[in-house]
file input25.cif (mmCIF, C-alpha atoms and all ligand atoms)
data_model
#
loop_
_atom_site.label_atom_id
_atom_site.label_comp_id
_atom_site.auth_asym_id
_atom_site.auth_seq_id
_atom_site.Cartn_x
_atom_site.Cartn_y
_atom_site.Cartn_z
CA MET Q 2 12.27 14.46 32.81
CA SER Q 3 14.32 17.64 32.48
CA LEU Q 4 15.20 19.33 29.19
CA LYS Q 5 18.85 18.70 29.99
CA GLN Q 6 18.25 14.97 30.30
CA ASP Q 7 16.24 15.10 27.08
CA ALA Q 8 19.10 16.68 25.17
CA ALA Q 9 21.61 14.25 26.69
CA ALA Q 10 19.51 11.25 25.68
CA ARG Q 11 19.03 12.64 22.15
CA ALA Q 12 22.78 12.96 21.80
CA LEU Q 13 22.91 9.17 22.18
CA TRP Q 14 20.97 8.59 18.95
CA SER Q 15 22.92 6.86 16.19
CA PRO Q 16 23.99 9.60 13.76
CA ALA Q 17 22.13 7.97 10.85
CA VAL Q 18 18.87 8.04 12.79
CA ARG Q 19 19.14 11.79 13.33
CA GLU Q 20 18.93 12.23 9.56
CA LEU Q 21 15.90 9.97 9.06
CA HIS Q 22 12.44 11.28 8.19
CA ALA Q 23 10.22 8.38 9.12
CA TYR Q 24 7.07 7.42 7.23
CA VAL Q 25 3.91 8.98 8.65
CA PRO Q 26 0.96 6.56 8.46
CA GLY Q 27 -2.60 7.79 7.98
CA GLU Q 28 -4.44 8.85 11.11
CA GLN Q 29 -6.01 6.08 13.25
CA PRO Q 30 -8.51 8.10 15.28
CA GLN Q 31 -9.52 7.04 18.76
CA GLY Q 32 -13.20 6.77 19.64
CA THR Q 33 -16.19 5.93 17.49
CA GLY Q 34 -18.26 7.73 14.90
CA TRP Q 35 -15.54 8.18 12.30
CA ILE Q 36 -15.86 7.21 8.67
CA LYS Q 37 -12.33 6.08 7.90
CA LEU Q 38 -11.48 6.47 4.23
CA ASN Q 39 -7.83 7.36 4.75
CA THR Q 40 -5.69 4.21 4.99
CA ASN Q 41 -7.09 1.90 2.30
CA GLU Q 42 -8.30 -0.65 4.82
CA CYS Q 43 -11.16 -2.94 3.84
CA PRO Q 44 -14.51 -1.69 5.20
CA TYR Q 45 -15.85 -5.25 5.51
CA PRO Q 46 -14.87 -7.88 8.09
CA PRO Q 47 -12.41 -10.68 7.33
CA SER Q 48 -13.61 -14.15 6.32
CA PRO Q 49 -15.39 -16.01 9.15
CA ARG Q 50 -12.96 -18.85 8.45
CA VAL Q 51 -10.07 -16.54 9.38
CA LEU Q 52 -11.67 -15.54 12.67
CA GLU Q 53 -12.35 -19.17 13.51
CA ALA Q 54 -8.74 -20.17 12.73
CA VAL Q 55 -7.36 -17.36 14.90
CA ARG Q 56 -9.66 -18.36 17.79
CA GLU Q 57 -8.58 -21.99 17.46
CA ALA Q 58 -4.91 -21.00 17.51
CA ALA Q 59 -5.37 -18.93 20.69
CA ASP Q 60 -4.61 -21.66 23.21
CA GLU Q 61 -1.82 -22.84 25.51
CA ARG Q 62 0.49 -23.36 22.50
CA LEU Q 63 1.11 -19.61 22.65
CA ARG Q 64 3.87 -20.38 25.18
CA LEU Q 65 5.86 -21.87 22.26
CA TYR Q 66 7.58 -19.92 19.50
CA PRO Q 67 5.87 -20.21 16.11
CA ASP Q 68 7.46 -22.06 13.17
CA PRO Q 69 10.34 -19.73 12.13
CA THR Q 70 10.05 -20.94 8.53
CA ALA Q 71 6.25 -20.47 8.39
CA LEU Q 72 6.26 -23.56 6.18
CA ALA Q 73 2.54 -24.36 6.29
CA LEU Q 74 1.61 -20.81 5.27
CA ARG Q 75 4.27 -20.66 2.56
CA GLN Q 76 3.05 -24.01 1.22
CA THR Q 77 -0.53 -22.67 1.08
CA ILE Q 78 0.59 -19.53 -0.75
CA ALA Q 79 2.73 -21.61 -3.13
CA ASN Q 80 -0.25 -23.88 -3.93
CA ARG Q 81 -2.48 -20.87 -4.55
CA PHE Q 82 -0.03 -19.29 -7.04
CA GLY Q 83 1.44 -22.41 -8.67
CA LEU Q 84 4.86 -22.05 -7.03
CA VAL Q 85 6.98 -24.04 -4.58
CA PRO Q 86 7.42 -22.91 -0.93
CA GLU Q 87 11.07 -21.97 -1.60
CA GLN Q 88 9.73 -19.25 -3.90
CA VAL Q 89 7.68 -17.67 -1.10
CA PHE Q 90 8.74 -15.37 1.74
CA VAL Q 91 6.39 -14.14 4.48
CA GLY Q 92 6.71 -11.16 6.80
CA ASN Q 93 5.02 -8.90 9.30
CA GLY Q 94 3.00 -6.89 6.78
CA SER Q 95 4.26 -6.11 3.30
CA ASP Q 96 6.01 -3.06 4.75
CA GLU Q 97 8.42 -5.42 6.51
CA VAL Q 98 8.77 -7.56 3.38
CA LEU Q 99 9.58 -4.42 1.35
CA ALA Q 100 12.07 -3.25 3.97
CA HIS Q 101 13.88 -6.60 3.75
CA ALA Q 102 13.83 -6.40 -0.04
CA PHE Q 103 15.48 -2.96 0.02
CA CYS Q 104 18.12 -4.28 2.42
CA ALA Q 105 18.71 -7.66 0.77
CA LEU Q 106 18.34 -6.89 -2.92
CA LEU Q 107 18.56 -3.17 -3.68
CA ARG Q 108 21.78 -2.00 -1.99
CA HIS Q 109 24.27 -1.98 -4.84
CA GLY Q 110 25.69 1.54 -4.57
CA ARG Q 111 23.54 2.64 -7.50
CA PRO Q 112 20.28 4.60 -7.43
CA VAL Q 113 17.00 2.77 -7.02
CA LEU Q 114 14.22 3.91 -9.36
CA PHE Q 115 10.56 4.33 -8.49
CA PRO Q 116 7.81 6.69 -9.70
CA ASP Q 117 7.93 10.25 -8.37
CA VAL Q 118 4.32 9.87 -7.25
CA SER Q 119 4.28 6.58 -5.41
CA TYR Q 120 4.18 4.88 -2.02
CA SER Q 121 5.95 7.27 0.32
CA PHE Q 122 7.62 4.48 2.29
CA TYR Q 123 10.10 3.74 -0.56
CA PRO Q 124 12.29 6.84 -0.01
CA VAL Q 125 12.21 6.11 3.73
CA TYR Q 126 13.65 2.61 3.18
CA CYS Q 127 16.28 4.16 0.90
CA ALA Q 128 17.31 6.56 3.66
CA LEU Q 129 17.33 3.77 6.25
CA TYR Q 130 19.64 1.59 4.16
CA GLY Q 131 21.80 4.32 2.60
CA ILE Q 132 20.39 3.81 -0.90
CA GLU Q 133 20.17 6.73 -3.32
CA PRO Q 134 16.53 7.17 -4.37
CA GLN Q 135 15.91 8.27 -7.95
CA PRO Q 136 12.25 9.18 -8.46
CA VAL Q 137 11.20 8.83 -12.12
CA PRO Q 138 8.48 11.32 -13.12
CA LEU Q 139 5.12 9.91 -14.14
CA ASP Q 140 3.74 11.46 -17.32
CA ALA Q 141 1.21 14.30 -17.30
CA ASP Q 142 -1.63 11.79 -16.85
CA PHE Q 143 0.16 10.14 -13.88
CA CYS Q 144 1.06 7.03 -15.92
CA VAL Q 145 4.35 5.11 -15.74
CA ARG Q 146 6.43 5.38 -18.95
CA VAL Q 147 8.47 2.18 -18.99
CA ALA Q 148 11.00 3.66 -21.44
CA ASP Q 149 12.08 6.02 -18.63
CA TYR Q 150 13.31 3.00 -16.63
CA ARG Q 151 15.98 2.15 -19.20
CA ARG Q 152 18.88 3.74 -17.38
CA GLY Q 153 21.58 2.55 -15.01
CA ASN Q 154 20.10 1.57 -11.68
CA GLY Q 155 20.56 -0.57 -8.60
CA GLY Q 156 16.98 -1.83 -8.77
CA ILE Q 157 13.43 -0.73 -9.53
CA VAL Q 158 10.34 -0.63 -7.33
CA LEU Q 159 6.91 -0.29 -8.89
CA PRO Q 160 3.58 -0.49 -7.14
CA ASN Q 161 1.01 -1.99 -9.50
CA PRO Q 162 -1.61 -0.54 -9.38
CA ASN Q 163 0.33 2.53 -8.36
CA ALA Q 164 -0.48 4.25 -5.09
CA PRO Q 165 -1.82 6.85 -4.55
CA THR Q 166 -2.92 7.19 -8.20
CA GLY Q 167 -4.62 3.76 -8.47
CA ILE Q 168 -3.51 3.48 -12.11
CA ALA Q 169 -2.47 -0.01 -13.25
CA LEU Q 170 0.40 -0.81 -15.60
CA PRO Q 171 -0.50 -3.48 -18.21
CA LEU Q 172 1.60 -6.66 -18.03
CA THR Q 173 2.83 -6.10 -21.61
CA GLU Q 174 4.50 -2.89 -20.44
CA LEU Q 175 5.85 -4.47 -17.27
CA THR Q 176 7.31 -7.22 -19.47
CA GLN Q 177 9.11 -4.55 -21.54
CA LEU Q 178 10.50 -3.02 -18.36
CA LEU Q 179 11.79 -6.42 -17.19
CA GLU Q 180 13.30 -7.17 -20.61
CA GLY Q 181 15.10 -3.82 -20.48
CA ASN Q 182 16.50 -4.49 -17.01
CA PRO Q 183 17.89 -8.03 -16.96
CA GLY Q 184 20.55 -7.14 -14.37
CA SER Q 185 18.37 -5.35 -11.80
CA VAL Q 186 15.95 -6.61 -9.22
CA VAL Q 187 12.46 -5.36 -10.07
CA VAL Q 188 10.11 -5.30 -7.08
CA VAL Q 189 6.44 -5.13 -8.07
CA ASP Q 190 4.36 -4.10 -5.07
CA GLU Q 191 0.92 -5.62 -5.65
CA ALA Q 192 -0.80 -4.34 -2.50
CA TYR Q 193 -3.91 -3.43 -4.54
CA VAL Q 194 -3.77 -5.93 -7.41
CA ASP Q 195 -6.98 -7.76 -6.42
CA PHE Q 196 -9.10 -4.72 -7.25
CA GLY Q 197 -8.58 -4.85 -11.00
CA ALA Q 198 -4.95 -5.17 -12.18
CA ASP Q 199 -3.14 -8.15 -13.71
CA SER Q 200 -0.64 -9.85 -11.43
CA ALA Q 201 3.00 -10.22 -12.41
CA VAL Q 202 3.15 -13.62 -10.67
CA THR Q 203 2.78 -15.21 -14.11
CA LEU Q 204 6.09 -13.60 -15.13
CA ILE Q 205 8.16 -15.07 -12.29
CA GLU Q 206 9.09 -18.18 -14.26
CA ARG Q 207 10.49 -16.07 -17.09
CA PHE Q 208 12.25 -13.31 -15.13
CA PRO Q 209 14.52 -14.41 -12.25
CA GLN Q 210 15.04 -10.76 -11.23
CA LEU Q 211 11.33 -10.22 -10.48
CA LEU Q 212 10.03 -10.06 -6.90
CA VAL Q 213 6.25 -9.74 -6.45
CA VAL Q 214 5.12 -8.41 -3.06
CA ARG Q 215 1.59 -8.89 -1.71
CA THR Q 216 -0.35 -8.05 1.44
CA LEU Q 217 -3.38 -9.41 3.25
CA SER Q 218 -4.12 -5.90 4.58
CA LYS Q 219 -6.35 -4.75 1.72
CA SER Q 220 -8.40 -7.31 -0.24
CA ALA Q 221 -8.31 -9.92 2.57
CA ALA Q 222 -9.47 -7.34 5.16
CA LEU Q 223 -6.63 -8.18 7.54
CA ALA Q 224 -4.65 -4.97 8.11
CA GLY Q 225 -4.73 -5.75 11.82
CA LEU Q 226 -3.12 -9.18 11.42
CA ARG Q 227 0.03 -7.79 9.73
CA VAL Q 228 0.83 -10.35 7.06
CA GLY Q 229 2.61 -9.73 3.77
CA PHE Q 230 4.52 -11.99 1.43
CA ALA Q 231 6.87 -12.01 -1.53
CA MET Q 232 7.17 -14.42 -4.44
CA GLY Q 233 10.07 -14.83 -6.81
CA HIS Q 234 13.09 -16.89 -7.78
CA THR Q 235 14.38 -19.11 -4.95
CA SER Q 236 17.67 -17.18 -4.83
CA LEU Q 237 15.89 -13.86 -4.26
CA ILE Q 238 13.84 -15.48 -1.50
CA GLU Q 239 17.02 -16.89 0.04
CA ALA Q 240 18.46 -13.36 0.32
CA LEU Q 241 15.28 -12.19 2.07
CA ASN Q 242 15.59 -15.07 4.53
CA VAL Q 243 19.19 -14.14 5.32
CA VAL Q 244 18.07 -10.62 6.24
CA LYS Q 245 15.03 -11.85 8.14
CA ASP Q 246 17.12 -14.26 10.20
CA SER Q 247 19.57 -11.46 10.95
CA PHE Q 248 16.73 -9.37 12.31
CA ASN Q 249 13.81 -11.41 13.71
CA SER Q 250 13.39 -15.15 13.19
CA TYR Q 251 9.69 -15.08 14.11
CA PRO Q 252 8.05 -12.16 12.33
CA LEU Q 253 4.67 -13.91 12.23
CA ASP Q 254 3.11 -15.09 15.46
CA ARG Q 255 0.97 -18.22 15.80
CA LEU Q 256 -2.31 -16.31 15.41
CA ALA Q 257 -1.13 -14.50 12.29
CA LEU Q 258 0.11 -17.74 10.72
CA ALA Q 259 -3.23 -19.48 11.35
CA GLY Q 260 -5.34 -16.54 10.18
CA ALA Q 261 -3.27 -15.90 7.07
CA GLN Q 262 -3.47 -19.52 6.00
CA ALA Q 263 -7.26 -19.51 6.34
CA ALA Q 264 -7.45 -16.25 4.38
CA ILE Q 265 -5.43 -17.58 1.45
CA GLU Q 266 -7.56 -20.73 1.42
CA ASP Q 267 -10.80 -18.72 1.33
CA ASP Q 268 -10.24 -17.11 -2.06
CA ALA Q 269 -13.99 -17.06 -2.79
CA TYR Q 270 -14.55 -14.69 0.14
CA LEU Q 271 -11.78 -12.37 -1.11
CA GLN Q 272 -13.34 -12.32 -4.59
CA THR Q 273 -16.74 -11.40 -3.11
CA LEU Q 274 -15.27 -8.49 -1.13
CA SER Q 275 -13.29 -7.22 -4.11
CA ALA Q 276 -16.37 -7.30 -6.34
CA ARG Q 277 -18.37 -5.35 -3.76
CA ILE Q 278 -15.64 -2.73 -3.41
CA THR Q 279 -15.13 -2.30 -7.15
CA ALA Q 280 -18.90 -1.84 -7.60
CA SER Q 281 -18.90 0.93 -4.96
CA ARG Q 282 -15.81 2.43 -6.61
CA GLU Q 283 -17.56 2.76 -9.96
CA TRP Q 284 -20.62 4.29 -8.27
CA LEU Q 285 -18.41 6.78 -6.41
CA VAL Q 286 -16.53 7.81 -9.56
CA GLN Q 287 -19.87 8.71 -11.11
CA GLN Q 288 -21.09 10.65 -8.07
CA LEU Q 289 -17.83 12.54 -7.60
CA GLY Q 290 -17.85 13.40 -11.29
CA ASP Q 291 -21.31 14.94 -10.85
CA LEU Q 292 -19.93 17.05 -7.98
CA GLY Q 293 -17.12 18.47 -10.14
CA PHE Q 294 -14.29 16.06 -9.27
CA ARG Q 295 -12.00 14.37 -11.75
CA CYS Q 296 -10.90 10.89 -10.64
CA LEU Q 297 -7.91 9.12 -12.13
CA PRO Q 298 -8.85 5.70 -13.58
CA SER Q 299 -8.48 3.45 -10.53
CA SER Q 300 -7.79 -0.28 -10.38
CA ALA Q 301 -7.42 -0.10 -6.60
CA ASN Q 302 -9.64 0.21 -3.51
CA PHE Q 303 -9.27 3.98 -3.51
CA LEU Q 304 -9.79 6.96 -5.78
CA PHE Q 305 -7.37 9.80 -6.42
CA ALA Q 306 -9.47 12.85 -7.14
CA ARG Q 307 -9.22 16.59 -7.57
CA HIS Q 308 -12.01 19.10 -7.64
CA ALA Q 309 -12.36 21.60 -10.46
CA CYS Q 310 -12.52 24.57 -8.10
CA ALA Q 311 -12.19 23.61 -4.44
CA ARG Q 312 -8.80 23.15 -2.78
CA ALA Q 313 -8.00 19.62 -1.60
CA ALA Q 314 -6.62 20.87 1.72
CA ASP Q 315 -9.87 22.71 2.44
CA LEU Q 316 -12.00 19.71 1.48
CA PHE Q 317 -9.86 17.48 3.67
CA ALA Q 318 -10.35 19.80 6.66
CA ALA Q 319 -14.09 20.24 6.06
CA LEU Q 320 -14.60 16.48 5.81
CA ARG Q 321 -12.57 15.94 8.96
CA GLU Q 322 -14.85 18.33 10.84
CA ARG Q 323 -17.69 16.01 9.81
CA ARG Q 324 -15.68 13.05 11.13
CA ILE Q 325 -14.87 11.74 7.67
CA LEU Q 326 -11.18 11.00 7.15
CA VAL Q 327 -9.58 10.93 3.71
CA ARG Q 328 -5.89 11.33 2.83
CA HIS Q 329 -4.25 14.52 1.61
CA PHE Q 330 -0.55 14.56 0.70
CA ARG Q 331 1.29 17.88 0.92
CA GLN Q 332 3.63 16.95 -1.89
CA PRO Q 333 4.55 18.57 -5.19
CA ARG Q 334 2.26 17.57 -8.09
CA ILE Q 335 -0.41 16.03 -5.87
CA ASP Q 336 -1.20 18.56 -3.17
CA ASN Q 337 -4.51 19.38 -4.81
CA HIS Q 338 -5.67 15.76 -4.84
CA LEU Q 339 -7.46 13.66 -2.24
CA ARG Q 340 -6.99 9.92 -1.88
CA ILE Q 341 -10.32 8.42 -0.91
CA THR Q 342 -10.55 4.81 0.23
CA ILE Q 343 -13.66 2.97 -0.97
CA GLY Q 344 -15.79 2.33 2.11
CA THR Q 345 -19.02 0.41 2.45
CA GLN Q 346 -21.75 1.61 0.11
CA ALA Q 347 -23.34 3.49 3.06
CA GLU Q 348 -20.01 5.19 3.84
CA CYS Q 349 -19.58 6.19 0.21
CA GLU Q 350 -23.08 7.68 0.26
CA ALA Q 351 -22.29 9.60 3.47
CA LEU Q 352 -19.14 10.97 1.82
CA VAL Q 353 -21.07 12.16 -1.23
CA ASP Q 354 -23.70 13.82 0.97
CA ALA Q 355 -21.00 15.56 3.03
CA LEU Q 356 -19.14 16.78 -0.08
CA ARG Q 357 -22.38 18.04 -1.63
CA SER Q 358 -23.10 20.03 1.51
CA ILE Q 359 -19.51 21.37 1.78
CA LEU Q 360 -19.38 22.37 -1.87
CA SER Q 361 -22.75 24.10 -1.70
CA LYS Q 362 -21.14 26.53 0.74
CA THR Q 363 -18.24 27.45 -1.57
CA PRO Q 364 -18.39 30.68 -3.52
CA ALA Q 365 -18.22 28.67 -6.74
CA GLY Q 366 -20.74 26.09 -5.53
CA THR Q 367 -20.43 22.75 -7.28
CA ALA Q 368 -19.70 24.39 -10.62
CA THR Q 369 -17.24 22.54 -12.78
CA ALA Q 370 -14.04 23.93 -14.19
CA ALA Q 371 -15.13 26.45 -16.80
CA GLY Q 372 -14.40 29.91 -15.52
CA ALA Q 373 -14.17 28.90 -11.87
CA SER Q 374 -11.22 29.87 -9.74
CA PRO Q 375 -8.96 26.84 -9.28
CA THR Q 376 -8.32 27.80 -5.68
CA ALA Q 377 -11.67 28.84 -4.29
CA SER Q 378 -11.73 28.27 -0.57
CA ILE Q 379 -14.49 26.52 1.29
CA GLY Q 380 -16.74 27.64 4.08
CA THR Q 381 -16.47 25.08 6.86
CA PRO Q 382 -19.71 23.94 8.51
C1 LIG Q 401 1.60 0.45 -2.11
C2 LIG Q 401 1.61 -0.14 -0.74
N1 LIG Q 401 2.49 -1.10 -0.45
C3 LIG Q 401 2.55 -1.65 0.77
C4 LIG Q 401 1.71 -1.24 1.78
C5 LIG Q 401 1.87 -1.85 3.16
O1 LIG Q 401 0.88 -2.71 3.50
P1 LIG Q 401 1.00 -3.65 4.77
O2 LIG Q 401 2.28 -3.33 5.50
O3 LIG Q 401 -0.20 -3.37 5.59
O4 LIG Q 401 1.03 -5.04 4.25
C6 LIG Q 401 0.78 -0.24 1.54
C7 LIG Q 401 -0.11 0.22 2.62
O5 LIG Q 401 -0.90 1.08 2.54
C8 LIG Q 401 0.73 0.33 0.25
O6 LIG Q 401 -0.12 1.32 -0.03
#
call {"tool": "encode", "arguments": {"input": "input25.cif", "output": "structure tokens"}}
result
Amino acid sequence: MSLKQDAAARALWSPAVRELHAYVPGEQPQGTGWIKLNTNECPYPPSPRVLEAVREAADERLRLYPDPTALALRQTIANRFGLVPEQVFVGNGSDEVLAHAFCALLRHGRPVLFPDVSYSFYPVYCALYGIEPQPVPLDADFCVRVADYRRGNGGIVLPNPNAPTGIALPLTELTQLLEGNPGSVVVVDEAYVDFGADSAVTLIERFPQLLVVRTLSKSAALAGLRVGFAMGHTSLIEALNVVKDSFNSYPLDRLALAGAQAAIEDDAYLQTLSARITASREWLVQQLGDLGFRCLPSSANFLFARHACARAADLFAALRERRILVRHFRQPRIDNHLRITIGTQAECEALVDALRSILSKTPAGTATAAGASPTASIGTP
């Protein structure tokens, strides 16, 4: 195709799309031999019951559309959380559920609040739907101060635990935030809640403005199935359905519906995986501490860490050369941190070995803060 044709086709873009800066997901490398600690996937396989259900669903019924209401899955989720199906919405990953929430519930011509260090998809949804984003600074320790959310707004979005910090907000403080915002939808994104935070589902009865969003991508080890869901007052769920049915009536295919239902039913398996991951997390915190890192207190399946002397960008690059992927965000406040997904115990050990070797080649070695240059660069292998 010629450059002229290229330019002509670009001129056909909708004006709003020209202004968009889309979300950039973590790298999904091709080929084998990578240790992937960059997208907070689960390092263990999904429940065998999920795989069996997906296999069973893969038959000639695939010629038929799936149930557009996903009733059986919503019923299973409702049973699991003590709700009714009308309080449950399901979508193609929690990213889609969040997108519908921004469109259906957060477009009021007033700014939407979320932490300044948070999931980087939120400002993208704001741009997509013409919502003014208003990032609210976390405190110096990267904690949410709920008092800062007492200001005029068109809605609030809070990941709990927060990402990429991993820090959880206690339910008492979330309750204060909800009490202070009776007229705003408060979306609590619980993508990582199973790794150590308290769920806000118990507050749904009391606060009709609360929408809790979950995913099967992390603790259920099903990032590849693309299933997320939201729980809240029936009227909030109704608004999500209006948007969904104005966009795609069948966001979940037959295989996803079957697999997701089996996953929700196999809660014991999820608990086992979460326990294994939190045990590796605590081990890794200790090991990274010994190497001169400071990790924020994590209630998630990842750590957010900075080294006392070595630059995060250099560590990221040196690890990548050893085929270990972690996440580095070139953003104000956090560009000297690495977000490290908890892998299998063997992967965590390989990471520690690699970091030990990388840091031994730095001028400051593995020395901790005192007297060391905060920006020492690293010799790559
Ligand atoms: C805070 C948070 N919310 C939502 C998501 C989206 O998850 P998914 O679309 O896989 O359900 C992620 C993914 O990393 C996340 O970190």
call {"tool": "closest_atom_pairs", "arguments": {"input": "input25.cif", "of": "chain Q", "to": "ligand LIG 401 (chain Q)", "cutoff": "10 Å", "atoms": "only C-alpha atoms and all ligand atoms", "output": "JSON lines"}}
result
{"residue": "Q:Pro26", "atom": "CA", "partner": "Q:LIG401", "partner_atom": "O5", "distance": 8.3}
{"residue": "Q:Gly27", "atom": "CA", "partner": "Q:LIG401", "partner_atom": "O5", "distance": 8.8}
{"residue": "Q:Asn39", "atom": "CA", "partner": "Q:LIG401", "partner_atom": "O5", "distance": 9.6}
{"residue": "Q:Thr40", "atom": "CA", "partner": "Q:LIG401", "partner_atom": "O5", "distance": 6.2}
{"residue": "Q:Asn41", "atom": "CA", "partner": "Q:LIG401", "partner_atom": "O5", "distance": 6.2}
{"residue": "Q:Glu42", "atom": "CA", "partner": "Q:LIG401", "partner_atom": "O5", "distance": 7.9}
{"residue": "Q:Gly92", "atom": "CA", "partner": "Q:LIG401", "partner_atom": "O4", "distance": 8.7}
{"residue": "Q:Asn93", "atom": "CA", "partner": "Q:LIG401", "partner_atom": "O2", "distance": 7.3}
{"residue": "Q:Gly94", "atom": "CA", "partner": "Q:LIG401", "partner_atom": "O4", "distance": 3.7}
{"residue": "Q:Ser95", "atom": "CA", "partner": "Q:LIG401", "partner_atom": "O4", "distance": 3.5}
{"residue": "Q:Asp96", "atom": "CA", "partner": "Q:LIG401", "partner_atom": "O2", "distance": 3.8}
{"residue": "Q:Glu97", "atom": "CA", "partner": "Q:LIG401", "partner_atom": "O2", "distance": 6.6}
{"residue": "Q:Val98", "atom": "CA", "partner": "Q:LIG401", "partner_atom": "O2", "distance": 8.0}
{"residue": "Q:Leu99", "atom": "CA", "partner": "Q:LIG401", "partner_atom": "C3", "distance": 7.6}
{"residue": "Q:Ala100", "atom": "CA", "partner": "Q:LIG401", "partner_atom": "O2", "distance": 9.9}
{"residue": "Q:Ser119", "atom": "CA", "partner": "Q:LIG401", "partner_atom": "C1", "distance": 7.5}
{"residue": "Q:Tyr120", "atom": "CA", "partner": "Q:LIG401", "partner_atom": "C1", "distance": 5.1}
{"residue": "Q:Ser121", "atom": "CA", "partner": "Q:LIG401", "partner_atom": "C1", "distance": 8.4}
{"residue": "Q:Phe122", "atom": "CA", "partner": "Q:LIG401", "partner_atom": "N1", "distance": 8.1}
{"residue": "Q:Tyr123", "atom": "CA", "partner": "Q:LIG401", "partner_atom": "N1", "distance": 9.0}
{"residue": "Q:Leu159", "atom": "CA", "partner": "Q:LIG401", "partner_atom": "C1", "distance": 8.6}
{"residue": "Q:Pro160", "atom": "CA", "partner": "Q:LIG401", "partner_atom": "C1", "distance": 5.5}
{"residue": "Q:Asn161", "atom": "CA", "partner": "Q:LIG401", "partner_atom": "C1", "distance": 7.8}
{"residue": "Q:Pro162", "atom": "CA", "partner": "Q:LIG401", "partner_atom": "C1", "distance": 8.0}
{"residue": "Q:Asn163", "atom": "CA", "partner": "Q:LIG401", "partner_atom": "C1", "distance": 6.7}
{"residue": "Q:Ala164", "atom": "CA", "partner": "Q:LIG401", "partner_atom": "C1", "distance": 5.3}
{"residue": "Q:Pro165", "atom": "CA", "partner": "Q:LIG401", "partner_atom": "O6", "distance": 7.3}
{"residue": "Q:Gly167", "atom": "CA", "partner": "Q:LIG401", "partner_atom": "C1", "distance": 9.5}
{"residue": "Q:Val189", "atom": "CA", "partner": "Q:LIG401", "partner_atom": "N1", "distance": 9.5}
{"residue": "Q:Asp190", "atom": "CA", "partner": "Q:LIG401", "partner_atom": "N1", "distance": 5.8}
{"residue": "Q:Glu191", "atom": "CA", "partner": "Q:LIG401", "partner_atom": "C1", "distance": 7.1}
{"residue": "Q:Ala192", "atom": "CA", "partner": "Q:LIG401", "partner_atom": "N1", "distance": 5.1}
{"residue": "Q:Tyr193", "atom": "CA", "partner": "Q:LIG401", "partner_atom": "C1", "distance": 7.2}
{"residue": "Q:Val194", "atom": "CA", "partner": "Q:LIG401", "partner_atom": "C1", "distance": 9.9}
{"residue": "Q:Val214", "atom": "CA", "partner": "Q:LIG401", "partner_atom": "C3", "distance": 8.2}
{"residue": "Q:Arg215", "atom": "CA", "partner": "Q:LIG401", "partner_atom": "O4", "distance": 7.1}
{"residue": "Q:Thr216", "atom": "CA", "partner": "Q:LIG401", "partner_atom": "O4", "distance": 4.3}
{"residue": "Q:Leu217", "atom": "CA", "partner": "Q:LIG401", "partner_atom": "O4", "distance": 6.3}
{"residue": "Q:Ser218", "atom": "CA", "partner": "Q:LIG401", "partner_atom": "O3", "distance": 4.8}
{"residue": "Q:Lys219", "atom": "CA", "partner": "Q:LIG401", "partner_atom": "O3", "distance": 7.4}
{"residue": "Q:Leu223", "atom": "CA", "partner": "Q:LIG401", "partner_atom": "O3", "distance": 8.3}
{"residue": "Q:Ala224", "atom": "CA", "partner": "Q:LIG401", "partner_atom": "O3", "distance": 5.4}
{"residue": "Q:Gly225", "atom": "CA", "partner": "Q:LIG401", "partner_atom": "O3", "distance": 8.1}
{"residue": "Q:Leu226", "atom": "CA", "partner": "Q:LIG401", "partner_atom": "O3", "distance": 8.7}
{"residue": "Q:Arg227", "atom": "CA", "partner": "Q:LIG401", "partner_atom": "O3", "distance": 6.1}
{"residue": "Q:Val228", "atom": "CA", "partner": "Q:LIG401", "partner_atom": "O4", "distance": 6.0}
{"residue": "Q:Gly229", "atom": "CA", "partner": "Q:LIG401", "partner_atom": "O4", "distance": 5.0}
{"residue": "Q:Phe230", "atom": "CA", "partner": "Q:LIG401", "partner_atom": "O4", "distance": 8.3}
{"residue": "Q:Ala301", "atom": "CA", "partner": "Q:LIG401", "partner_atom": "O6", "distance": 9.9}
call {"tool": "axis_aligned_box", "arguments": {"input": "input25.cif", "around": "segment 259-274 of chain Q", "padding_each_side": "5 Å", "output": "lines of an AutoDock Vina configuration file"}}
result
center_x = -10.0
center_y = -14.6
center_z = 3.4
size_x = 23.5
size_y = 22.2
size_z = 25.9
call {"tool": "closest_residue", "arguments": {"input": "input25.cif", "among": "Q:Glu180, Q:Glu350, Q:Glu239, Q:Asp149", "to": "Gln135 of chain Q", "atoms": "only C-alpha atoms"}}
result
Q:Asp149
call {"tool": "closest_residue", "arguments": {"input": "input25.cif", "among": "Q:Val147, Q:Glu57, Q:Ala102, Q:Ser299", "to": "Leu211 of chain Q", "atoms": "only C-alpha atoms"}}
result
Q:Ala102
call {"tool": "residues_around", "arguments": {"input": "input25.cif", "residues": "Val158 of chain Q", "least_positions_apart": "4", "cutoff": "9 Å", "atoms": "all atoms listed in the file", "output": "PyMOL selection string"}}
result
chain Q and resi 113-116+123+186-190
call {"tool": "atom_distance", "arguments": {"input": "input25.cif", "atom1": "atom CA of Leu38 of chain Q", "atom2": "atom CA of Ile341 of chain Q"}}
result
5.6 Å
call {"tool": "atom_distance", "arguments": {"input": "input25.cif", "atom1": "atom CA of Ile36 of chain Q", "atom2": "atom CA of Ile325 of chain Q"}}
result
4.7 Å
call {"tool": "atom_distance", "arguments": {"input": "input25.cif", "atom1": "atom CA of Pro134 of chain Q", "atom2": "atom CA of Pro112 of chain Q"}}
result
5.5 Å
call {"tool": "closest_residue", "arguments": {"input": "input25.cif", "among": "Q:Leu4, Q:Arg81, Q:Arg62, Q:Ser300", "to": "Ile278 of chain Q", "atoms": "all atoms listed in the file"}}
result
Q:Ser300
